[in-house]
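The data block below is query03.tsv; it holds TSV, C-alpha atoms.
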chain	number	residue	atom	x	y	z
A	441	MET	CA	97.70	83.39	115.27
A	442	VAL	CA	96.14	84.76	112.08
A	443	LEU	CA	93.80	82.77	109.85
A	444	PHE	CA	93.37	83.20	106.10
A	445	SER	CA	90.56	81.58	104.15
A	446	PHE	CA	91.28	79.93	100.80
A	447	ARG	CA	89.83	81.78	97.83
A	448	GLN	CA	90.15	81.64	94.09
A	449	ASP	CA	89.84	84.81	92.02
A	450	PRO	CA	88.06	84.64	88.63
A	451	LEU	CA	91.21	86.10	87.04
A	452	SER	CA	94.77	86.12	88.28
A	453	PRO	CA	96.10	89.65	88.68
A	454	SER	CA	98.48	90.86	85.99
A	455	PRO	CA	101.82	92.64	86.43
A	456	LEU	CA	102.21	96.20	85.19
A	457	CYS	CA	104.81	97.23	82.63
A	458	SER	CA	106.93	100.37	82.65
A	459	CYS	CA	104.61	102.10	80.18
A	460	ASP	CA	101.68	101.52	82.56
A	461	LEU	CA	103.59	103.19	85.39
A	462	GLU	CA	104.69	106.04	83.12
A	463	SER	CA	101.05	106.68	82.24
A	464	CYS	CA	100.43	107.39	85.92
A	465	GLY	CA	103.32	109.85	86.14
A	466	LEU	CA	105.51	107.32	87.96
A	467	SER	CA	108.36	106.84	85.49
A	468	GLY	CA	111.34	105.00	86.92
A	469	SER	CA	109.25	102.74	89.16
A	470	VAL	CA	110.30	99.08	89.42
A	471	TRP	CA	108.05	95.99	89.41
A	472	VAL	CA	109.25	93.17	91.70
A	473	SER	CA	107.74	89.72	91.15
A	474	PRO	CA	107.45	87.26	94.05
A	475	VAL	CA	109.63	84.16	94.09
A	476	GLY	CA	107.95	80.76	93.89
A	477	SER	CA	104.30	81.73	94.30
A	478	LYS	CA	101.49	83.42	92.44
A	479	PRO	CA	100.97	86.92	93.86
A	480	ARG	CA	97.70	87.77	95.55
A	481	ASN	CA	98.75	90.94	97.40
A	482	LEU	CA	100.65	93.96	96.14
A	483	LEU	CA	103.05	96.16	98.12
A	484	LEU	CA	103.78	99.71	96.96
A	485	LEU	CA	107.00	101.18	98.38
A	486	LEU	CA	107.39	104.97	98.52
A	487	HIS	CA	110.90	106.37	99.00
A	488	GLY	CA	111.88	109.51	100.89
A	489	LEU	CA	112.94	112.95	99.69
A	490	GLY	CA	115.71	112.86	97.10
A	491	ASP	CA	115.82	109.09	96.73
A	492	THR	CA	114.95	106.74	93.85
A	493	ALA	CA	113.08	103.46	93.45
A	494	ALA	CA	116.16	101.20	93.25
A	495	PRO	CA	116.92	100.78	97.00
A	496	PHE	CA	113.28	100.05	97.73
A	497	ALA	CA	113.06	97.48	94.95
A	498	GLN	CA	115.95	95.70	96.67
A	499	LEU	CA	114.12	96.03	100.00
A	500	ALA	CA	111.07	94.32	98.48
A	501	ARG	CA	113.26	91.45	97.26
A	502	THR	CA	114.85	91.12	100.70
A	503	MET	CA	111.49	91.12	102.51
A	504	ALA	CA	110.19	88.40	100.14
A	505	LEU	CA	106.63	88.54	101.46
A	506	PRO	CA	104.64	85.42	100.55
A	507	GLN	CA	102.26	85.67	97.60
A	508	THR	CA	103.04	89.39	97.34
A	509	ALA	CA	104.33	91.31	94.33
A	510	ALA	CA	105.74	94.80	94.81
A	511	ILE	CA	106.27	98.07	92.99
A	512	ALA	CA	109.05	100.34	94.19
A	513	LEU	CA	107.58	103.67	93.14
A	514	CYS	CA	109.58	106.61	91.90
A	515	ALA	CA	108.06	109.92	93.02
A	516	PRO	CA	106.61	112.08	90.22
A	517	ILE	CA	108.64	115.28	90.83
A	518	ALA	CA	112.34	115.51	89.99
A	519	LEU	CA	114.64	117.40	92.34
A	520	PRO	CA	115.41	120.95	91.20
A	521	ALA	CA	118.65	122.21	89.65
A	522	GLY	CA	119.25	118.94	87.84
A	523	LEU	CA	119.96	117.03	91.04
A	524	GLU	CA	119.49	113.26	90.98
A	525	GLY	CA	116.47	111.98	92.89
A	526	HIS	CA	112.77	112.66	93.22
A	527	MET	CA	110.20	113.98	95.68
A	528	TRP	CA	106.49	113.50	96.36
A	529	HIS	CA	105.69	117.19	96.78
A	530	GLU	CA	107.40	120.54	96.30
A	531	SER	CA	109.95	120.86	99.08
A	532	PHE	CA	112.34	123.73	98.38
A	533	GLU	CA	112.33	127.51	98.43
A	534	SER	CA	113.98	129.36	95.54
A	535	ASP	CA	117.18	129.68	97.63
A	536	GLY	CA	117.36	125.91	98.15
A	537	GLN	CA	116.10	125.92	101.74
A	538	LEU	CA	113.32	123.53	102.73
A	539	ILE	CA	109.78	124.90	102.79
A	540	ARG	CA	108.65	125.13	106.41
A	541	ALA	CA	105.09	124.57	107.62
A	542	SER	CA	103.37	127.77	108.75
A	543	ALA	CA	99.88	129.22	108.91
A	544	GLY	CA	98.62	129.87	105.39
A	545	GLU	CA	101.48	127.97	103.75
A	546	ARG	CA	99.93	125.50	101.28
A	547	ARG	CA	102.58	124.87	98.63
A	548	ARG	CA	103.48	121.44	99.96
A	549	LEU	CA	99.84	120.42	100.47
A	550	SER	CA	98.80	121.67	97.03
A	551	SER	CA	101.72	119.93	95.37
A	552	LEU	CA	101.00	116.69	97.24
A	553	GLN	CA	97.41	116.80	96.00
A	554	GLN	CA	98.26	117.69	92.41
A	555	GLU	CA	101.20	115.33	91.98
A	556	ALA	CA	101.39	112.41	94.43
A	557	ARG	CA	97.69	111.96	95.12
A	558	THR	CA	96.78	112.21	91.45
A	559	SER	CA	99.48	109.72	90.40
A	560	LEU	CA	98.60	107.22	93.13
A	561	GLN	CA	94.87	107.46	92.35
A	562	ALA	CA	95.58	106.76	88.67
A	563	LEU	CA	97.77	103.83	89.69
A	564	LEU	CA	95.08	102.38	91.96
A	565	LYS	CA	92.52	102.48	89.14
A	566	LEU	CA	95.00	100.82	86.80
A	567	LEU	CA	95.72	98.12	89.37
A	568	GLU	CA	92.03	97.39	89.86
A	569	ARG	CA	91.61	96.91	86.11
A	570	ALA	CA	94.59	94.54	86.18
A	571	GLY	CA	92.96	92.42	88.90
A	572	TRP	CA	94.46	93.94	92.08
A	573	PRO	CA	91.58	94.98	94.39
A	574	ALA	CA	92.32	97.90	96.68
A	575	HIS	CA	91.89	95.87	99.86
A	576	ARG	CA	94.92	93.77	98.87
A	577	VAL	CA	97.14	96.76	98.05
A	578	PHE	CA	99.57	97.78	100.80
A	579	LEU	CA	101.74	100.90	101.03
A	580	LEU	CA	105.06	101.18	102.85
A	581	GLY	CA	106.44	104.71	102.89
A	582	PHE	CA	109.58	106.25	104.33
A	583	ALA	CA	109.71	109.88	105.52
A	584	GLN	CA	108.20	112.01	102.72
A	585	GLY	CA	106.97	108.81	101.06
A	586	ALA	CA	105.13	107.97	104.28
A	587	ALA	CA	103.41	111.38	104.25
A	588	ALA	CA	102.31	110.72	100.65
A	589	ALA	CA	101.01	107.25	101.57
A	590	LEU	CA	99.00	108.54	104.54
A	591	ASP	CA	97.56	111.41	102.53
A	592	PHE	CA	96.52	109.01	99.79
A	593	ALA	CA	94.91	106.59	102.26
A	594	LEU	CA	92.68	109.40	103.55
A	595	HIS	CA	91.63	110.58	100.09
A	596	CYS	CA	91.46	107.45	97.92
A	597	GLY	CA	87.84	106.75	98.89
A	598	CYS	CA	88.29	103.05	99.70
A	599	ARG	CA	89.84	100.64	102.16
A	600	LEU	CA	93.41	99.64	101.37
A	601	GLY	CA	95.15	96.53	102.64
A	602	GLY	CA	97.29	98.52	105.06
A	603	ILE	CA	99.77	101.36	105.47
A	604	ILE	CA	103.20	101.19	107.09
A	605	SER	CA	104.65	104.61	107.83
A	606	VAL	CA	108.35	104.76	108.74
A	607	CYS	CA	109.60	108.07	110.16
A	608	GLY	CA	106.85	110.03	108.45
A	609	LEU	CA	103.32	111.24	109.21
A	610	LEU	CA	100.86	113.73	107.76
A	611	LEU	CA	102.41	117.05	106.77
A	612	GLU	CA	102.73	119.49	109.69
A	613	GLU	CA	100.46	121.94	107.85
A	614	TYR	CA	97.53	119.81	109.02
A	615	LEU	CA	98.18	120.90	112.60
A	616	HIS	CA	96.98	124.40	111.76
A	617	GLU	CA	93.32	124.74	112.68
A	618	GLU	CA	92.04	125.64	109.22
A	619	GLU	CA	93.64	122.62	107.55
A	620	ALA	CA	92.69	120.23	110.38
A	621	VAL	CA	89.05	121.34	110.31
A	622	ALA	CA	88.90	120.92	106.52
A	623	LEU	CA	90.46	117.45	106.71
A	624	LEU	CA	88.07	116.23	109.42
A	625	ALA	CA	85.03	117.72	107.64
A	626	GLN	CA	86.02	115.96	104.42
A	627	SER	CA	86.52	112.70	106.31
A	628	ALA	CA	83.10	112.98	107.97
A	629	ALA	CA	81.46	113.16	104.53
A	630	ALA	CA	83.38	110.18	103.13
A	631	PRO	CA	82.69	106.46	103.65
A	632	ARG	CA	84.58	104.88	106.52
A	633	ARG	CA	87.76	103.33	105.17
A	634	GLU	CA	89.37	101.70	108.21
A	635	THR	CA	92.68	101.02	106.48
A	636	PRO	CA	95.04	99.44	109.06
A	637	LEU	CA	98.07	101.57	109.92
A	638	LEU	CA	101.42	100.87	111.56
A	639	VAL	CA	103.60	103.88	112.39
A	640	LEU	CA	107.29	103.45	113.24
A	641	GLU	CA	108.87	106.61	114.65
A	642	SER	CA	112.28	107.24	116.19
A	643	VAL	CA	110.58	109.27	118.92
A	644	LEU	CA	106.92	110.20	119.16
A	645	THR	CA	107.28	113.87	120.09
A	646	PRO	CA	104.11	115.77	121.10
A	647	GLN	CA	103.88	117.13	117.54
A	648	ARG	CA	104.25	113.67	115.98
A	649	GLN	CA	101.71	112.24	118.44
A	650	ALA	CA	99.26	115.00	117.49
A	651	LEU	CA	99.65	114.16	113.78
A	652	PHE	CA	99.11	110.46	114.51
A	653	GLU	CA	95.95	111.21	116.49
A	654	LEU	CA	94.69	113.52	113.75
A	655	TYR	CA	95.10	110.72	111.22
A	656	GLN	CA	93.21	108.36	113.53
A	657	ARG	CA	90.30	110.81	113.80
A	658	ALA	CA	90.24	111.36	110.04
A	659	LEU	CA	90.27	107.61	109.45
A	660	CYS	CA	87.26	107.30	111.79
A	661	GLY	CA	85.30	109.90	109.80
A	662	GLY	CA	86.24	112.85	112.01
A	663	ARG	CA	84.79	111.21	115.10
A	664	ALA	CA	86.55	110.48	118.38
A	665	VAL	CA	88.85	107.47	118.19
A	666	PRO	CA	87.38	104.37	119.91
A	667	PRO	CA	89.40	103.28	122.97
A	668	LYS	CA	90.12	99.85	121.47
A	669	SER	CA	91.51	101.04	118.15
A	670	THR	CA	95.08	99.72	118.39
A	671	ARG	CA	94.37	96.94	115.88
A	672	LEU	CA	93.48	99.57	113.29
A	673	CYS	CA	96.17	102.16	114.11
A	674	LYS	CA	99.33	101.47	116.06
A	675	ALA	CA	102.39	103.68	116.68
A	676	ILE	CA	105.71	102.27	117.89
A	677	GLU	CA	108.90	104.09	118.89
A	678	ILE	CA	111.98	102.36	117.45
A	679	GLY	CA	114.69	104.83	118.47
A	680	GLY	CA	117.56	105.56	116.13
A	681	THR	CA	118.13	108.62	113.97
A	682	GLY	CA	115.19	108.59	111.58
A	683	ALA	CA	116.44	105.87	109.22
A	684	MET	CA	114.77	102.73	107.90
A	685	PRO	CA	114.77	99.74	110.29
A	686	SER	CA	118.06	97.88	110.10
A	687	SER	CA	117.82	95.00	112.57
A	688	PRO	CA	115.52	91.97	112.90
A	689	GLU	CA	114.14	93.48	116.11
A	690	GLU	CA	113.20	96.70	114.34
A	691	TRP	CA	111.64	94.81	111.41
A	692	GLN	CA	109.63	92.45	113.63
A	693	PRO	CA	106.59	94.80	114.04
A	694	VAL	CA	106.50	95.30	110.26
A	695	MET	CA	106.51	91.58	109.51
A	696	ALA	CA	103.96	90.95	112.26
A	697	PHE	CA	101.71	93.57	110.63
A	698	PHE	CA	101.91	91.72	107.33
A	699	ALA	CA	101.30	88.42	109.12
A	700	GLU	CA	98.04	89.86	110.42
A	701	HIS	CA	96.79	91.61	107.30
A	702	LEU	CA	98.07	89.83	104.18
A	703	GLU	CA	95.45	87.71	102.45
A	704	LEU	CA	97.03	84.39	101.46
A	705	THR	CA	95.92	81.23	99.69
A	706	ALA	CA	97.37	77.74	99.59
A	707	PRO	CA	98.38	77.05	95.95
A	708	GLY	CA	96.34	74.26	94.40
A	709	LEU	CA	93.95	74.04	97.36
A	710	GLU	CA	91.65	76.98	96.60
A	711	SER	CA	88.59	74.76	96.68
A	712	ASP	CA	89.53	73.26	100.05
A	713	PRO	CA	87.59	74.85	102.93
A	714	THR	CA	90.45	74.40	105.43
A	715	LEU	CA	92.56	77.29	106.63
A	716	GLN	CA	96.20	78.22	106.33
A	717	ARG	CA	97.90	79.89	109.26
A	718	ILE	CA	100.85	82.18	109.67
A	719	ILE	CA	102.13	80.54	112.83
A	720	ALA	CA	105.10	82.74	113.70
A	721	VAL	CA	107.41	85.55	112.74
A	722	GLY	CA	110.99	84.25	112.52
A	723	LYS	CA	114.04	85.76	114.17
A	724	ALA	CA	115.01	87.52	110.96
A	725	GLY	CA	111.47	88.85	110.48
A	726	GLU	CA	110.35	86.21	107.98
A	727	LEU	CA	106.84	84.76	108.01
A	728	VAL	CA	106.53	81.11	109.05
A	729	LEU	CA	103.59	79.33	107.40
A	730	GLY	CA	101.95	76.18	108.67
A	731	ALA	CA	98.84	74.06	108.32

Go ahead and render the structure in this file as structure tokens.
Amino acid sequence: MVLFSFRQDPLSPSPLCSCDLESCGLSGSVWVSPVGSKPRNLLLLLHGLGDTAAPFAQLARTMALPQTAAIALCAPIALPAGLEGHMWHESFESDGQLIRASAGERRRLSSLQQEARTSLQALLKLLERAGWPAHRVFLLGFAQGAAAALDFALHCGCRLGGIISVCGLLLEEYLHEEEAVALLAQSAAAPRRETPLLVLESVLTPQRQALFELYQRALCGGRAVPPKSTRLCKAIEIGGTGAMPSSPEEWQPVMAFFAEHLELTAPGLESDPTLQRIIAVGKAGELVLGA
């Protein structure tokens, strides 16, 4: 059972318009307003390689998280050769083959830093000016979008509301010693962020487990991960073929994560010191609110 205290912000957060998103290099992104409640939290959805914002805008509408607006983000880099779709970092060789991680290969990392990280940092600053504090901003990324979300969480310099990574982790380049050492050294010099993380993977192979553990260490400032850290970082195997969750059972951990970490208020009762509870997660993954 999760408790949320009632609060009242000095100013209600404001929605962003398409020109705001374009100014961050995120043209084609879609704002999704909540139904029947004033938003307090904001969910950013990051699609996978070659996709667009539209399916994830529909996902946000289907999830219908309470008191939560959403932005289905469109990645800043268009696919090459005039193909429809976008990507969060450079992904292709000149012959159309995917760039593979190898020692000394930094094109994907450099592109992720120059494009995705820069755009997301600009968006976060814009959101803060519009009344959306970072600790109430959540990111849900799929595949390449998940890699972008995790990279941003480690480099944004603040605590976010939470990250949900579906079939995606840090880029494999980070498993090479030089990149891993640099990441952990940078994390040791930065303030502790402790952004909660939920990872959903088809299968946690040894390589995927190593990337998850590296993220945990980086999140803890390069130090060893405390034994009781599952509340902060949790990884779950969901089976399947690397697609988005499609059943209530697969969505249940996601909705339970939001039940634990969303910050909610009871409309019209902000001055009341009582508490509102999320009392259950329904069979279809919806949140059940109660007194």

Non-local contacts of Trp528 (chain A) (12 Å; only C-alpha atoms; under 5 positions in same chain excluded) as a ChimeraX atom specification: /A:465-466,486-492,513-519,548-560,581-589,591-592,611

Give me, as a ChimeraX atom specification, all polymer residues having an atom no more than 10 Å from Leu482 (chain A), counting only C-alpha atoms and skipping those fewer than 4 positions away in the same chain. /A:453,455,472-474,505,507-511,567,572-579,601,702

What are the nearest atom pairs, with distances in Å to one decimal, for all residues of region 607-631 of chain A that come at most 10 Å from region 540-544 of chain A, using all atoms listed in the file, set out by chain and rising residue number as a tab-separated table?
residue	atom	partner	partner_atom	distance
A:Leu611	CA	A:Ala541	CA	8.0
A:Glu612	CA	A:Ala541	CA	6.0
A:Glu613	CA	A:Ala541	CA	5.3
A:Tyr614	CA	A:Ala541	CA	9.0
A:Leu615	CA	A:Ala543	CA	9.3
A:His616	CA	A:Ala543	CA	6.3
A:Glu617	CA	A:Ala543	CA	8.8
A:Glu618	CA	A:Ala543	CA	8.6
A:Glu619	CA	A:Gly544	CA	9.1

Selection: 10 Å around Val643 (chain A), all atoms listed in the file, excl. self and same-chain fewer than 4 positions, as a short mmCIF file (atom, residue, chain, number, x, y, z; two decimals) with C-alpha atoms, keeping the file's coordinate frame:
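After the write, selection.cif holds the following:
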data_model
loop_
_atom_site.label_atom_id
_atom_site.label_comp_id
_atom_site.auth_asym_id
_atom_site.auth_seq_id
_atom_site.Cartn_x
_atom_site.Cartn_y
_atom_site.Cartn_z
CA CYS A 607 109.60 108.07 110.16
CA ARG A 648 104.25 113.67 115.98
CA GLN A 649 101.71 112.24 118.44
CA ILE A 676 105.71 102.27 117.89
CA GLU A 677 108.90 104.09 118.89
CA ILE A 678 111.98 102.36 117.45
CA GLY A 679 114.69 104.83 118.47
CA GLY A 680 117.56 105.56 116.13
CA THR A 681 118.13 108.62 113.97
CA GLY A 682 115.19 108.59 111.58
#

Can you work out which one of A:Gly468, A:Ala706, A:Met695, A:Ser627 has the shortest atom-to-atom distance to Ala504 (chain A), counting all atoms listed in the file?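 With all atoms listed in the file as the atom set, the closest residue is A:Met695.
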
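In this model, the gap between CA of Gly597 (chain A) and CA of Gln626 (chain A) comes to 10.9 Å.
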
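Nearest residue to Val606 (chain A) among A:Gly522, A:Pro495, A:Pro693, A:Pro646 is A:Pro693, counting all atoms listed in the file.
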
Provide the CA of Gly602 (chain A) to CA of Gln656 (chain A) distance in Å, to one decimal place.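 About the pair CA of Gly602 (chain A) and CA of Gln656 (chain A): they are 13.6 Å apart.
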
Pick from A:His595, A:Lys565, A:Arg657, A:His701 nearest to Leu461 (chain A), counting all atoms listed in the file: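 Between A:His595, A:Lys565, A:Arg657, A:His701, the residue approaching Leu461 (chain A) most closely is A:Lys565.
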
Can you tell me how far CA of Leu638 (chain A) sits from CA of Ile604 (chain A), in Å to one decimal?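 These atoms are spaced 4.8 Å apart.
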
8 Å contact set for Ala512 (chain A), all atoms listed in the file, chain neighbours under 4 positions out, as a PyMOL selection string: chain A and resi 469-472+484-487+493-494+496-497+500
